[in-house]
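Colleague: Sharing data_8.cif below, mmCIF, C-alpha atoms:
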data_structure
loop_
_atom_site.label_atom_id
_atom_site.label_comp_id
_atom_site.auth_asym_id
_atom_site.auth_seq_id
_atom_site.Cartn_x
_atom_site.Cartn_y
_atom_site.Cartn_z
CA MET A 1 0.00 0.00 0.00
CA PRO A 2 1.39 3.41 -0.88
CA GLY A 3 1.77 5.64 2.11
CA LEU A 4 3.67 8.39 3.85
CA ILE A 5 5.54 8.94 7.08
CA GLY A 6 4.29 11.81 9.22
CA ARG A 7 4.14 13.39 12.62
CA LYS A 8 1.00 13.78 14.71
CA VAL A 9 0.36 17.47 15.33
CA GLY A 10 -2.82 17.39 17.40
CA MET A 11 -6.58 17.39 17.32
CA THR A 12 -9.19 20.01 16.56
CA SER A 13 -12.72 20.32 15.17
CA ILE A 14 -14.02 21.20 11.75
CA TYR A 15 -17.54 22.50 11.23
CA SER A 16 -19.49 21.40 8.21
CA ALA A 17 -21.88 23.65 6.35
CA GLU A 18 -24.73 22.01 8.26
CA GLY A 19 -23.08 23.10 11.49
CA LYS A 20 -21.93 19.68 12.52
CA ALA A 21 -18.64 19.61 14.41
CA THR A 22 -16.33 16.80 13.33
CA PRO A 23 -13.40 15.86 15.55
CA CYS A 24 -10.27 15.48 13.46
CA THR A 25 -6.54 14.93 13.74
CA VAL A 26 -3.90 17.01 12.01
CA ILE A 27 -0.86 15.15 10.71
CA GLU A 28 2.24 16.74 9.24
CA ALA A 29 3.02 14.22 6.51
CA GLY A 30 6.03 14.22 4.28
CA PRO A 31 7.72 15.34 2.19
CA CYS A 32 9.39 11.94 2.11
CA VAL A 33 12.44 11.07 0.03
CA VAL A 34 12.89 7.76 -1.74
CA THR A 35 16.04 6.43 -0.09
CA GLN A 36 16.10 2.94 -1.57
CA LEU A 37 14.32 0.86 -4.19
CA LYS A 38 13.81 -2.81 -3.44
CA THR A 39 13.51 -4.88 -6.58
CA GLN A 40 12.37 -8.39 -7.39
CA ASP A 41 15.76 -9.37 -8.83
CA ARG A 42 17.84 -8.10 -5.96
CA ASP A 43 15.65 -8.40 -2.88
CA GLY A 44 12.91 -10.79 -3.90
CA TYR A 45 10.12 -8.24 -3.57
CA GLU A 46 9.14 -4.80 -4.84
CA ALA A 47 9.07 -1.92 -2.38
CA VAL A 48 10.09 1.67 -1.91
CA GLN A 49 11.95 2.90 1.14
CA LEU A 50 10.94 6.39 2.24
CA GLY A 51 12.79 8.66 4.64
CA PHE A 52 11.24 11.41 6.76
CA GLY A 53 12.49 13.93 9.29
CA GLU A 54 15.91 15.48 9.54
CA ARG A 55 18.73 13.86 11.47
CA LYS A 56 21.86 15.54 12.72
CA ASP A 57 24.93 14.69 10.68
CA SER A 58 26.95 14.17 13.85
CA ARG A 59 24.37 11.69 15.12
CA THR A 60 24.40 9.57 11.97
CA PRO A 61 26.62 6.49 11.64
CA ASN A 62 28.84 6.53 8.60
CA ALA A 63 27.09 3.51 7.14
CA LEU A 64 23.78 5.37 7.15
CA LYS A 65 25.42 8.51 5.79
CA GLY A 66 26.48 6.50 2.80
CA HIS A 67 23.00 5.04 2.44
CA PHE A 68 21.43 8.47 2.27
CA LYS A 69 24.19 9.83 0.06
CA LYS A 70 23.24 7.25 -2.57
CA ALA A 71 19.83 8.86 -2.76
CA ASN A 72 21.49 12.27 -2.84
CA THR A 73 19.72 13.49 0.29
CA THR A 74 20.42 14.51 3.88
CA PRO A 75 20.26 11.91 6.69
CA LYS A 76 16.68 11.12 7.69
CA GLN A 77 15.29 10.25 11.10
CA THR A 78 12.82 7.56 10.07
CA VAL A 79 12.92 5.15 7.15
CA VAL A 80 10.00 2.88 6.30
CA GLU A 81 9.30 0.58 3.38
CA PHE A 82 6.08 0.86 1.42
CA LYS A 83 4.73 -1.38 -1.28
CA GLY A 84 2.51 -0.36 -4.14
CA PHE A 85 4.32 2.76 -5.34
CA GLU A 86 5.00 2.85 -9.04
CA GLY A 87 7.35 4.80 -11.23
CA LEU A 88 9.52 6.23 -8.47
CA SER A 89 13.27 6.48 -8.70
CA LEU A 90 15.96 7.03 -6.10
CA GLY A 91 15.88 10.54 -4.58
CA ASP A 92 12.33 11.33 -5.65
CA VAL A 93 10.19 13.33 -3.23
CA VAL A 94 6.77 12.00 -2.26
CA SER A 95 4.49 14.54 -0.65
CA VAL A 96 1.05 14.67 0.86
CA ASP A 97 -0.73 15.24 -2.47
CA ILE A 98 -0.74 11.49 -3.11
CA PHE A 99 -3.85 11.56 -0.90
CA SER A 100 -7.05 13.26 -1.90
CA GLU A 101 -9.96 14.56 0.14
CA GLY A 102 -12.73 12.06 0.74
CA GLU A 103 -10.69 8.90 0.46
CA PHE A 104 -10.14 6.52 3.35
CA VAL A 105 -6.72 5.85 4.85
CA GLY A 106 -5.26 3.80 7.66
CA VAL A 107 -2.97 5.41 10.22
CA ALA A 108 -0.47 3.39 12.23
CA GLY A 109 1.42 4.67 15.23
CA THR A 110 2.76 3.74 18.63
CA SER A 111 0.03 4.09 21.22
CA LYS A 112 0.61 5.99 24.44
CA GLY A 113 2.25 3.77 27.04
CA LYS A 114 0.09 3.04 30.06
CA GLY A 115 2.67 0.95 31.93
CA PHE A 116 1.95 -2.34 33.72
CA GLN A 117 -1.80 -2.43 34.14
CA GLY A 118 -4.24 -4.81 35.76
CA VAL A 119 -6.99 -6.69 33.97
CA VAL A 120 -9.72 -4.16 34.79
CA LYS A 121 -8.04 -1.36 32.85
CA ARG A 122 -6.21 -3.53 30.32
CA HIS A 123 -8.96 -5.93 29.28
CA GLY A 124 -12.09 -4.35 30.66
CA PHE A 125 -12.76 -7.01 33.28
CA GLY A 126 -15.53 -6.14 35.70
CA GLY A 127 -13.63 -6.65 38.91
CA VAL A 128 -15.44 -8.06 41.90
CA GLY A 129 -17.95 -5.26 42.18
CA GLN A 130 -18.49 -5.77 45.87
CA SER A 131 -16.45 -4.69 48.83
CA THR A 132 -18.40 -6.50 51.54
CA HIS A 133 -19.50 -10.16 51.90
CA GLY A 134 -16.06 -11.53 52.59
CA GLN A 135 -14.14 -9.58 49.96
CA HIS A 136 -10.73 -8.52 51.04
CA ASN A 137 -8.22 -6.82 48.72
CA ARG A 138 -9.67 -8.63 45.68
CA LEU A 139 -11.66 -5.77 44.21
CA ARG A 140 -9.81 -5.63 40.87
CA ALA A 141 -8.59 -9.24 40.76
CA PRO A 142 -9.00 -11.30 37.55
CA GLY A 143 -10.64 -14.34 39.20
CA SER A 144 -10.06 -17.85 37.92
CA ILE A 145 -7.59 -18.35 35.06
CA GLY A 146 -8.59 -21.93 34.26
CA ALA A 147 -9.68 -25.34 35.47
CA ALA A 148 -7.75 -27.79 37.70
CA SER A 149 -6.01 -31.15 36.95
CA TYR A 150 -7.40 -31.12 33.44
CA PRO A 151 -5.94 -29.28 31.49
CA ALA A 152 -3.45 -28.70 34.31
CA ARG A 153 -2.10 -25.63 32.59
CA VAL A 154 -3.14 -22.09 31.71
CA PHE A 155 -4.22 -21.66 28.11
CA LYS A 156 -2.10 -19.47 25.86
CA GLY A 157 -3.47 -16.00 25.31
CA MET A 158 -5.23 -15.90 28.69
CA ARG A 159 -5.92 -12.27 29.39
CA MET A 160 -3.87 -11.16 32.36
CA ALA A 161 -2.19 -8.07 33.75
CA GLY A 162 0.79 -6.69 31.88
CA GLN A 163 2.18 -3.89 29.74
CA MET A 164 -0.56 -1.77 28.19
CA GLY A 165 -0.04 0.62 25.33
CA ASN A 166 3.29 1.61 23.78
CA LYS A 167 2.78 -0.79 20.91
CA ARG A 168 1.94 -0.42 17.26
CA VAL A 169 -1.72 0.26 16.60
CA LEU A 170 -3.30 0.64 13.16
CA ILE A 171 -6.58 2.50 12.80
CA GLU A 172 -8.21 1.82 9.45
CA ASN A 173 -10.80 3.63 7.37
CA LEU A 174 -10.21 7.18 8.52
CA GLU A 175 -11.70 9.68 6.13
CA VAL A 176 -9.37 12.32 4.74
CA LEU A 177 -11.10 15.65 5.39
CA LYS A 178 -8.48 18.06 4.10
CA VAL A 179 -5.18 17.94 2.29
CA LEU A 180 -3.07 21.10 2.52
CA ALA A 181 -0.25 20.40 0.11
CA ASP A 182 1.48 23.75 0.62
CA LYS A 183 1.86 23.11 4.36
CA ASN A 184 2.36 19.33 4.08
CA LEU A 185 -0.65 18.79 6.31
CA ILE A 186 -3.36 16.17 6.15
CA VAL A 187 -6.49 16.24 8.30
CA VAL A 188 -8.22 12.93 9.02
CA LYS A 189 -11.50 12.33 10.76
CA GLY A 190 -11.32 10.94 14.28
CA SER A 191 -8.39 10.12 16.49
CA ILE A 192 -5.14 8.29 15.78
CA PRO A 193 -2.80 6.40 18.10
CA GLY A 194 0.10 8.04 19.87
CA ALA A 195 1.08 11.27 21.54
CA LYS A 196 1.46 14.63 19.84
CA GLY A 197 4.73 14.75 17.97
CA SER A 198 4.95 10.99 17.56
CA THR A 199 5.76 9.41 14.21
CA VAL A 200 2.85 7.86 12.33
CA LEU A 201 2.43 6.02 9.04
CA ILE A 202 -0.42 6.94 6.74
CA GLU A 203 -1.32 4.31 4.19
CA ARG A 204 -4.04 4.04 1.65
CA MET B 1 0.19 23.78 18.69
CA ASP B 2 0.97 26.68 16.40
CA ILE B 3 0.19 24.59 13.36
CA ILE B 4 -3.20 23.75 14.85
CA ARG B 5 -3.91 27.40 15.54
CA GLU B 6 -2.94 28.39 12.03
CA LEU B 7 -5.13 25.69 10.60
CA GLN B 8 -8.07 26.73 12.73
CA ASN B 9 -7.81 30.27 11.49
CA GLU B 10 -7.93 28.92 7.98
CA LEU B 11 -10.67 26.33 8.31
CA VAL B 12 -12.94 27.87 10.91
CA GLU B 13 -14.54 31.23 10.44
CA VAL B 14 -13.43 33.65 13.14
CA LYS B 15 -16.37 35.63 14.45
CA ASN B 16 -16.33 38.95 16.18
CA PHE B 17 -18.25 38.31 19.35
CA PRO B 18 -18.07 40.73 22.27
CA ASN B 19 -15.96 39.72 25.23
CA PHE B 20 -17.91 37.87 27.88
CA LYS B 21 -17.06 35.68 30.82
CA SER B 22 -18.73 33.66 33.53
CA GLY B 23 -21.39 35.56 35.45
CA ASP B 24 -22.39 37.69 32.48
CA THR B 25 -25.94 37.65 31.21
CA ILE B 26 -25.93 37.21 27.45
CA THR B 27 -28.37 36.62 24.65
CA VAL B 28 -27.31 34.08 22.07
CA SER B 29 -29.04 34.16 18.71
CA TYR B 30 -28.73 30.82 17.03
CA LYS B 31 -30.11 29.42 13.84
CA ILE B 32 -32.31 26.38 13.94
CA LYS B 33 -33.39 24.34 10.97
CA GLU B 34 -36.98 23.23 10.60
CA GLY B 35 -37.18 21.11 7.50
CA ALA B 36 -35.92 23.37 4.79
CA LYS B 37 -36.58 26.58 6.67
CA GLU B 38 -34.06 28.31 8.86
CA ARG B 39 -34.98 30.69 11.61
CA ILE B 40 -33.23 32.44 14.45
CA GLN B 41 -34.00 31.72 18.07
CA GLN B 42 -32.71 33.48 21.12
CA PHE B 43 -31.45 32.06 24.38
CA GLN B 44 -30.86 34.45 27.22
CA GLY B 45 -29.17 33.45 30.42
CA VAL B 46 -26.13 33.51 32.67
CA VAL B 47 -22.79 32.22 31.41
CA LEU B 48 -21.59 29.44 33.69
CA GLN B 49 -18.28 28.76 32.01
CA ARG B 50 -16.15 29.06 28.93
CA ARG B 51 -13.93 26.12 28.18
CA GLY B 52 -11.45 25.03 25.55
CA ASN B 53 -9.69 27.28 23.10
CA GLY B 54 -9.66 28.08 19.44
CA ALA B 55 -12.17 26.29 17.25
CA THR B 56 -13.16 23.87 19.99
CA GLU B 57 -14.08 26.49 22.58
CA THR B 58 -17.56 26.16 24.07
CA PHE B 59 -19.57 28.15 26.57
CA THR B 60 -22.45 27.15 28.83
CA VAL B 61 -25.50 29.38 29.31
CA ARG B 62 -28.08 28.73 32.02
CA LYS B 63 -31.54 30.20 32.19
CA MET B 64 -34.59 29.57 34.34
CA SER B 65 -37.53 28.46 32.25
CA GLY B 66 -40.34 28.81 34.72
CA ASN B 67 -39.15 26.74 37.62
CA ILE B 68 -36.81 24.55 35.63
CA GLY B 69 -33.21 25.39 34.96
CA VAL B 70 -32.17 24.96 31.33
CA GLU B 71 -28.53 24.85 30.30
CA ARG B 72 -27.21 24.95 26.78
CA ILE B 73 -23.67 24.43 25.63
CA PHE B 74 -22.74 26.31 22.47
CA PRO B 75 -19.55 25.77 20.46
CA ILE B 76 -18.35 29.31 19.94
CA SER B 77 -17.24 28.62 16.36
CA SER B 78 -20.42 26.84 15.36
CA PRO B 79 -21.90 28.33 12.20
CA PHE B 80 -25.27 28.14 13.96
CA VAL B 81 -24.32 30.75 16.55
CA ASP B 82 -25.35 33.91 14.82
CA GLN B 83 -24.92 36.67 17.34
CA ILE B 84 -24.05 37.20 20.98
CA VAL B 85 -25.19 40.25 22.92
CA VAL B 86 -23.91 40.99 26.41
CA ASN B 87 -26.80 42.30 28.48
CA LYS B 88 -25.15 42.50 31.87
CA LYS B 89 -21.63 42.16 33.17
CA GLY B 90 -21.66 40.09 36.33
CA ALA B 91 -19.23 40.53 39.22
CA VAL B 92 -18.14 36.98 40.04
CA ARG B 93 -14.81 35.73 41.33
CA ARG B 94 -14.70 32.39 39.59
CA ALA B 95 -14.15 31.35 35.99
CA ARG B 96 -16.70 28.56 36.42
CA ILE B 97 -19.70 29.37 38.58
CA PHE B 98 -21.28 25.95 39.02
CA TYR B 99 -22.35 26.97 42.54
CA PHE B 100 -24.92 29.13 40.78
CA ARG B 101 -26.96 26.02 39.94
CA GLU B 102 -27.85 25.42 43.57
CA ARG B 103 -28.98 28.98 44.10
CA THR B 104 -32.66 29.87 43.91
CA GLY B 105 -34.69 32.94 44.69
CA LYS B 106 -32.89 35.87 46.20
CA SER B 107 -29.50 34.19 46.37
CA ALA B 108 -29.62 33.44 42.65
CA ARG B 109 -28.68 36.97 41.81
CA ILE B 110 -25.35 38.14 40.55
CA LYS B 111 -24.05 41.57 41.37
CA GLU B 112 -23.59 43.73 38.35
CA LYS B 113 -20.22 45.06 37.48
CA ARG B 114 -20.34 48.82 37.25
CA SER B 115 -18.45 51.12 34.91
CA PHE B 116 -19.49 49.18 31.87
CA SER B 117 -21.55 50.38 28.97
CA VAL B 118 -24.36 47.89 28.46
CA ALA B 119 -25.04 46.92 24.88
CA LYS B 120 -28.71 47.13 24.18
#
Step by step, read the file and then write its structure as structure tokens.
Modeller:
Amino acid sequence: MPGLIGRKVGMTSIYSAEGKATPCTVIEAGPCVVTQLKTQDRDGYEAVQLGFGERKDSRTPNALKGHFKKANTTPKQTVVEFKGFEGLSLGDVVSVDIFSEGEFVGVAGTSKGKGFQGVVKRHGFGGVGQSTHGQHNRLRAPGSIGAASYPARVFKGMRMAGQMGNKRVLIENLEVLKVLADKNLIVVKGSIPGAKGSTVLIER
Amino acid sequence: MDIIRELQNELVEVKNFPNFKSGDTITVSYKIKEGAKERIQQFQGVVLQRRGNGATETFTVRKMSGNIGVERIFPISSPFVDQIVVNKKGAVRRARIFYFRERTGKSARIKEKRSFSVAK
């Protein structure tokens, strides 16, 4: 899927002509530079590697410097491969105008980290719901995690407490409300994962 | 944040409403749609709060309709909000005067701020 790398700017509202307020997210997307072309002959698959965001020269390993020099561009912060682009060559610039208003895109990002959370917050368990009738410090406990001597183990994928958030989340079918090519901005309907300023991928 | 603000200026029509804050008595003229027809209705009451900023800012107006309190929340940038007239400047100390909801009768009055030219 063709796509772009961007940065989440924040959320706001847009009012339609009928006066309806639509919550929307502003993403600063691109311009991305083609830093590498993956080909069937060489790599076994077709893809385009895009780079986004500036990176200090002094903070770039020499190996990467050479990689970006091949594409005749400055070192980039993020590089991501996309499939489905056609007719691009090394060093080409892809900008936000590959998207048009009204189409639907998916946005992937790293969700906000919530730390180690219990089952009530992480999986929406109900908890005990009672603080009397013999309950003692079990208010948010998960309850039973399985049967006894058969199967004599806990099934894989059992929902338990653990790290919540800070993982890749893809939200699909977000409508593109506005594309501002001169400012490299794209406005999508609804919310997207991650904090303000975090890197996101927009794909068609 | 600046990008958002810039974008809001571009996408949302900036209206020239008079300054008002919590405690003020204002009249909001807003358009309502009935089928294909559009008409303007007025809502007069005391501003309880203003919240948010930019295009997402809203304000809450409370009025007594007979014996029943009615509150309406208006988005300040909504194209349906046609006009705002400040009838009275109230002298309150808080930005959000939710305590006003519990007041009835004589205590449900707000002192008027003097030295202010009332728009009629």
Colleague: As number ranges by chain, please: the residues near Ile40 (chain B) (cut-off 10 Å, only C-alpha atoms, same-chain neighbours under 3 positions excluded).
Modeller: B: 28-33, 80-83
Colleague: Please enumerate the residues selected by the PyMOL selection byres ((chain B and resi 113) around 10) when evaluated against the supplied file, formatted as a PyMOL selection string.
Modeller: chain B and resi 23-24+88-92+110-112+114-116
Colleague: Suppose we keep C-alpha atoms; can you now write the selection as an mmCIF file, in the frame of the given file?
Modeller:
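As a result, result-v3.cif now contains:
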data_model
loop_
_atom_site.group_PDB
_atom_site.id
_atom_site.type_symbol
_atom_site.label_atom_id
_atom_site.label_comp_id
_atom_site.auth_asym_id
_atom_site.auth_seq_id
_atom_site.Cartn_x
_atom_site.Cartn_y
_atom_site.Cartn_z
ATOM 1 C CA GLY B 23 -21.390 35.560 35.450
ATOM 2 C CA ASP B 24 -22.390 37.690 32.480
ATOM 3 C CA LYS B 88 -25.150 42.500 31.870
ATOM 4 C CA LYS B 89 -21.630 42.160 33.170
ATOM 5 C CA GLY B 90 -21.660 40.090 36.330
ATOM 6 C CA ALA B 91 -19.230 40.530 39.220
ATOM 7 C CA VAL B 92 -18.140 36.980 40.040
ATOM 8 C CA ILE B 110 -25.350 38.140 40.550
ATOM 9 C CA LYS B 111 -24.050 41.570 41.370
ATOM 10 C CA GLU B 112 -23.590 43.730 38.350
ATOM 11 C CA ARG B 114 -20.340 48.820 37.250
ATOM 12 C CA SER B 115 -18.450 51.120 34.910
ATOM 13 C CA PHE B 116 -19.490 49.180 31.870
#
Colleague: Mind checking which residues fall within 8 Å of Val46 (chain B), counting only C-alpha atoms, ignoring those fewer than 5 positions away in the same chain, and posting them as a list in words?
Modeller: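 Listing them by chain and then by number gives Ser22, Gly23, Asp24, Thr25, Ile26, Val61, Arg62 and Lys63 of chain B.
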Colleague: When the cut-off is 7 Å and we count only C-alpha atoms, which residues of chain A are near chain B, given as a list in words?
Modeller: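 Interface list for chain A against chain B: Gly10, Thr12, Ser13, Ile14, Tyr15 and Gly19 of chain A.
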Colleague: Need the shell around Gly124 (chain A): protein/DNA/RNA residues with any atom at most 12 Å away, counting all atoms listed in the file. Skip same-chain ones fewer than 3 positions apart. Format as a list in words?
Modeller: Gln117, Gly118, Val119, Val120, Lys121, Gly127, Arg140, Ala141, Pro142, Arg159, Met160 and Ala161 of chain A
Colleague: State, in Å with one decimal place, the distance from CA of Phe68 (chain A) to CA of Leu4 (chain A).
Modeller: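 Spanning CA of Phe68 (chain A) to CA of Leu4 (chain A) is a straight-line distance of 17.8 Å.
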Colleague: Please list as number ranges by chain every residue within 8 Å of region 188-198 of chain A, counting all atoms listed in the file and excluding residues in the same chain fewer than 4 positions away.
Modeller: A: 7-11, 22-27, 107-112, 169-171, 174-178
Colleague: CA of Gln36 (chain A) to CA of Gly87 (chain A): how many Å, to one decimal?
Modeller: 13.2 Å
Colleague: For region 51-58 of chain B, take all atoms listed in the file, fit an axis-aligned box around them, add 8 Å to each of the six sides, then output centre and edge lengths in Å rounded to one decimal, as lines of an AutoDock Vina configuration file.
Modeller:
center_x = -13.6
center_y = 26.0
center_z = 22.7
size_x = 23.9
size_y = 20.2
size_z = 26.9
Colleague: Give as an mmCIF file with C-alpha atoms, keeping the file's coordinate frame the residues that the PyMOL selection byres ((chain A and resi 71-83) around 6) matches when applied to the coordinates above.
Modeller:
data_model
loop_
_atom_site.group_PDB
_atom_site.id
_atom_site.type_symbol
_atom_site.label_atom_id
_atom_site.label_comp_id
_atom_site.auth_asym_id
_atom_site.auth_seq_id
_atom_site.Cartn_x
_atom_site.Cartn_y
_atom_site.Cartn_z
ATOM 1 C CA MET A 1 0.000 0.000 0.000
ATOM 2 C CA PRO A 2 1.390 3.410 -0.880
ATOM 3 C CA THR A 35 16.040 6.430 -0.090
ATOM 4 C CA ALA A 47 9.070 -1.920 -2.380
ATOM 5 C CA VAL A 48 10.090 1.670 -1.910
ATOM 6 C CA GLN A 49 11.950 2.900 1.140
ATOM 7 C CA LEU A 50 10.940 6.390 2.240
ATOM 8 C CA GLY A 51 12.790 8.660 4.640
ATOM 9 C CA PHE A 52 11.240 11.410 6.760
ATOM 10 C CA GLY A 53 12.490 13.930 9.290
ATOM 11 C CA GLU A 54 15.910 15.480 9.540
ATOM 12 C CA ARG A 55 18.730 13.860 11.470
ATOM 13 C CA PHE A 68 21.430 8.470 2.270
ATOM 14 C CA LYS A 69 24.190 9.830 0.060
ATOM 15 C CA LYS A 70 23.240 7.250 -2.570
ATOM 16 C CA GLY A 84 2.510 -0.360 -4.140
ATOM 17 C CA PHE A 85 4.320 2.760 -5.340
ATOM 18 C CA LEU A 90 15.960 7.030 -6.100
ATOM 19 C CA GLY A 91 15.880 10.540 -4.580
#
Colleague: What separation in Å, quoted to one decimal, exists between CA of Ile202 (chain A) and CA of Glu28 (chain A)?
Modeller: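 It comes out at 10.5 Å.
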Colleague: Within 8 Å of (3.3, 20.2, 3.6) in the file's own coordinates, which protein, DNA or RNA residues have an atom, counting all atoms listed in the file? List them as a VMD selection string.
Modeller: chain A and resid 28 to 31 95 to 96 180 to 185
Colleague: Within 10 Å of (-16.2, 40.5, 20.1) in the file's own coordinates, which protein, DNA or RNA residues have an atom, counting only C-alpha atoms? List them as a list in words.
Modeller: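 Residues close enough to count: Lys15, Asn16, Phe17, Pro18, Asn19, Phe20, Gln83, Ile84, Val85 and Val86 of chain B.
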Colleague: Got a sec: who's within 10 Å of Thr58 (chain B), counting only C-alpha atoms, leaving out chain neighbours fewer than 6 positions off, as a list in words?
Modeller: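 Contacts, in chain order: Gln49, Arg50, Arg51, Gly52, Ile73, Phe74, Pro75, Ile76, Ser77 and Ser78 of chain B.
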Colleague: Could you add the missing atoms to region 20-37 of chain B, up to N, CA, C and O atoms, and return them as a JSON list (two decimals), keeping the file's coordinate frame?
Modeller:
[["chain", "number", "residue", "atom", "x", "y", "z"],
["B", 20, "PHE", "N", -17.04, 38.19, 26.75],
["B", 20, "PHE", "CA", -17.91, 37.87, 27.88],
["B", 20, "PHE", "C", -17.25, 36.78, 28.69],
["B", 20, "PHE", "O", -16.41, 36.04, 28.19],
["B", 21, "LYS", "N", -17.63, 36.70, 29.95],
["B", 21, "LYS", "CA", -17.06, 35.68, 30.82],
["B", 21, "LYS", "C", -18.13, 35.15, 31.75],
["B", 21, "LYS", "O", -19.29, 35.57, 31.65],
["B", 22, "SER", "N", -17.75, 34.26, 32.64],
["B", 22, "SER", "CA", -18.73, 33.66, 33.53],
["B", 22, "SER", "C", -19.38, 34.74, 34.39],
["B", 22, "SER", "O", -18.74, 35.70, 34.79],
["B", 23, "GLY", "N", -20.67, 34.58, 34.65],
["B", 23, "GLY", "CA", -21.39, 35.56, 35.45],
["B", 23, "GLY", "C", -22.13, 36.58, 34.60],
["B", 23, "GLY", "O", -23.06, 37.21, 35.07],
["B", 24, "ASP", "N", -21.73, 36.73, 33.35],
["B", 24, "ASP", "CA", -22.39, 37.69, 32.48],
["B", 24, "ASP", "C", -23.73, 37.14, 32.00],
["B", 24, "ASP", "O", -23.90, 35.93, 31.85],
["B", 25, "THR", "N", -24.67, 38.04, 31.82],
["B", 25, "THR", "CA", -25.94, 37.65, 31.21],
["B", 25, "THR", "C", -25.86, 37.98, 29.73],
["B", 25, "THR", "O", -25.58, 39.12, 29.36],
["B", 26, "ILE", "N", -26.06, 36.97, 28.88],
["B", 26, "ILE", "CA", -25.93, 37.21, 27.45],
["B", 26, "ILE", "C", -27.14, 36.65, 26.72],
["B", 26, "ILE", "O", -27.89, 35.83, 27.25],
["B", 27, "THR", "N", -27.34, 37.17, 25.52],
["B", 27, "THR", "CA", -28.37, 36.62, 24.65],
["B", 27, "THR", "C", -27.67, 36.03, 23.43],
["B", 27, "THR", "O", -26.93, 36.72, 22.74],
["B", 28, "VAL", "N", -27.91, 34.75, 23.22],
["B", 28, "VAL", "CA", -27.31, 34.08, 22.07],
["B", 28, "VAL", "C", -28.39, 33.90, 21.01],
["B", 28, "VAL", "O", -29.45, 33.34, 21.29],
["B", 29, "SER", "N", -28.14, 34.41, 19.83],
["B", 29, "SER", "CA", -29.04, 34.16, 18.71],
["B", 29, "SER", "C", -28.47, 33.02, 17.91],
["B", 29, "SER", "O", -27.34, 33.10, 17.44],
["B", 30, "TYR", "N", -29.24, 31.97, 17.79],
["B", 30, "TYR", "CA", -28.73, 30.82, 17.03],
["B", 30, "TYR", "C", -29.76, 30.36, 16.02],
["B", 30, "TYR", "O", -30.97, 30.47, 16.22],
["B", 31, "LYS", "N", -29.24, 29.85, 14.93],
["B", 31, "LYS", "CA", -30.11, 29.42, 13.84],
["B", 31, "LYS", "C", -30.58, 28.00, 14.13],
["B", 31, "LYS", "O", -29.80, 27.16, 14.57],
["B", 32, "ILE", "N", -31.86, 27.77, 13.90],
["B", 32, "ILE", "CA", -32.31, 26.38, 13.94],
["B", 32, "ILE", "C", -32.99, 26.05, 12.63],
["B", 32, "ILE", "O", -33.59, 26.91, 11.98],
["B", 33, "LYS", "N", -32.85, 24.79, 12.25],
["B", 33, "LYS", "CA", -33.39, 24.34, 10.97],
["B", 33, "LYS", "C", -34.67, 23.58, 11.23],
["B", 33, "LYS", "O", -34.73, 22.67, 12.04],
["B", 34, "GLU", "N", -35.74, 23.98, 10.54],
["B", 34, "GLU", "CA", -36.98, 23.23, 10.60],
["B", 34, "GLU", "C", -37.30, 22.81, 9.18],
["B", 34, "GLU", "O", -37.77, 23.62, 8.38],
["B", 35, "GLY", "N", -37.02, 21.56, 8.89],
["B", 35, "GLY", "CA", -37.18, 21.11, 7.50],
["B", 35, "GLY", "C", -36.24, 21.88, 6.62],
["B", 35, "GLY", "O", -35.03, 21.84, 6.81],
["B", 36, "ALA", "N", -36.77, 22.60, 5.68],
["B", 36, "ALA", "CA", -35.92, 23.37, 4.79],
["B", 36, "ALA", "C", -35.75, 24.79, 5.27],
["B", 36, "ALA", "O", -34.89, 25.53, 4.79],
["B", 37, "LYS", "N", -36.62, 25.19, 6.24],
["B", 37, "LYS", "CA", -36.58, 26.58, 6.67],
["B", 37, "LYS", "C", -35.57, 26.78, 7.78],
["B", 37, "LYS", "O", -35.32, 25.93, 8.61]]
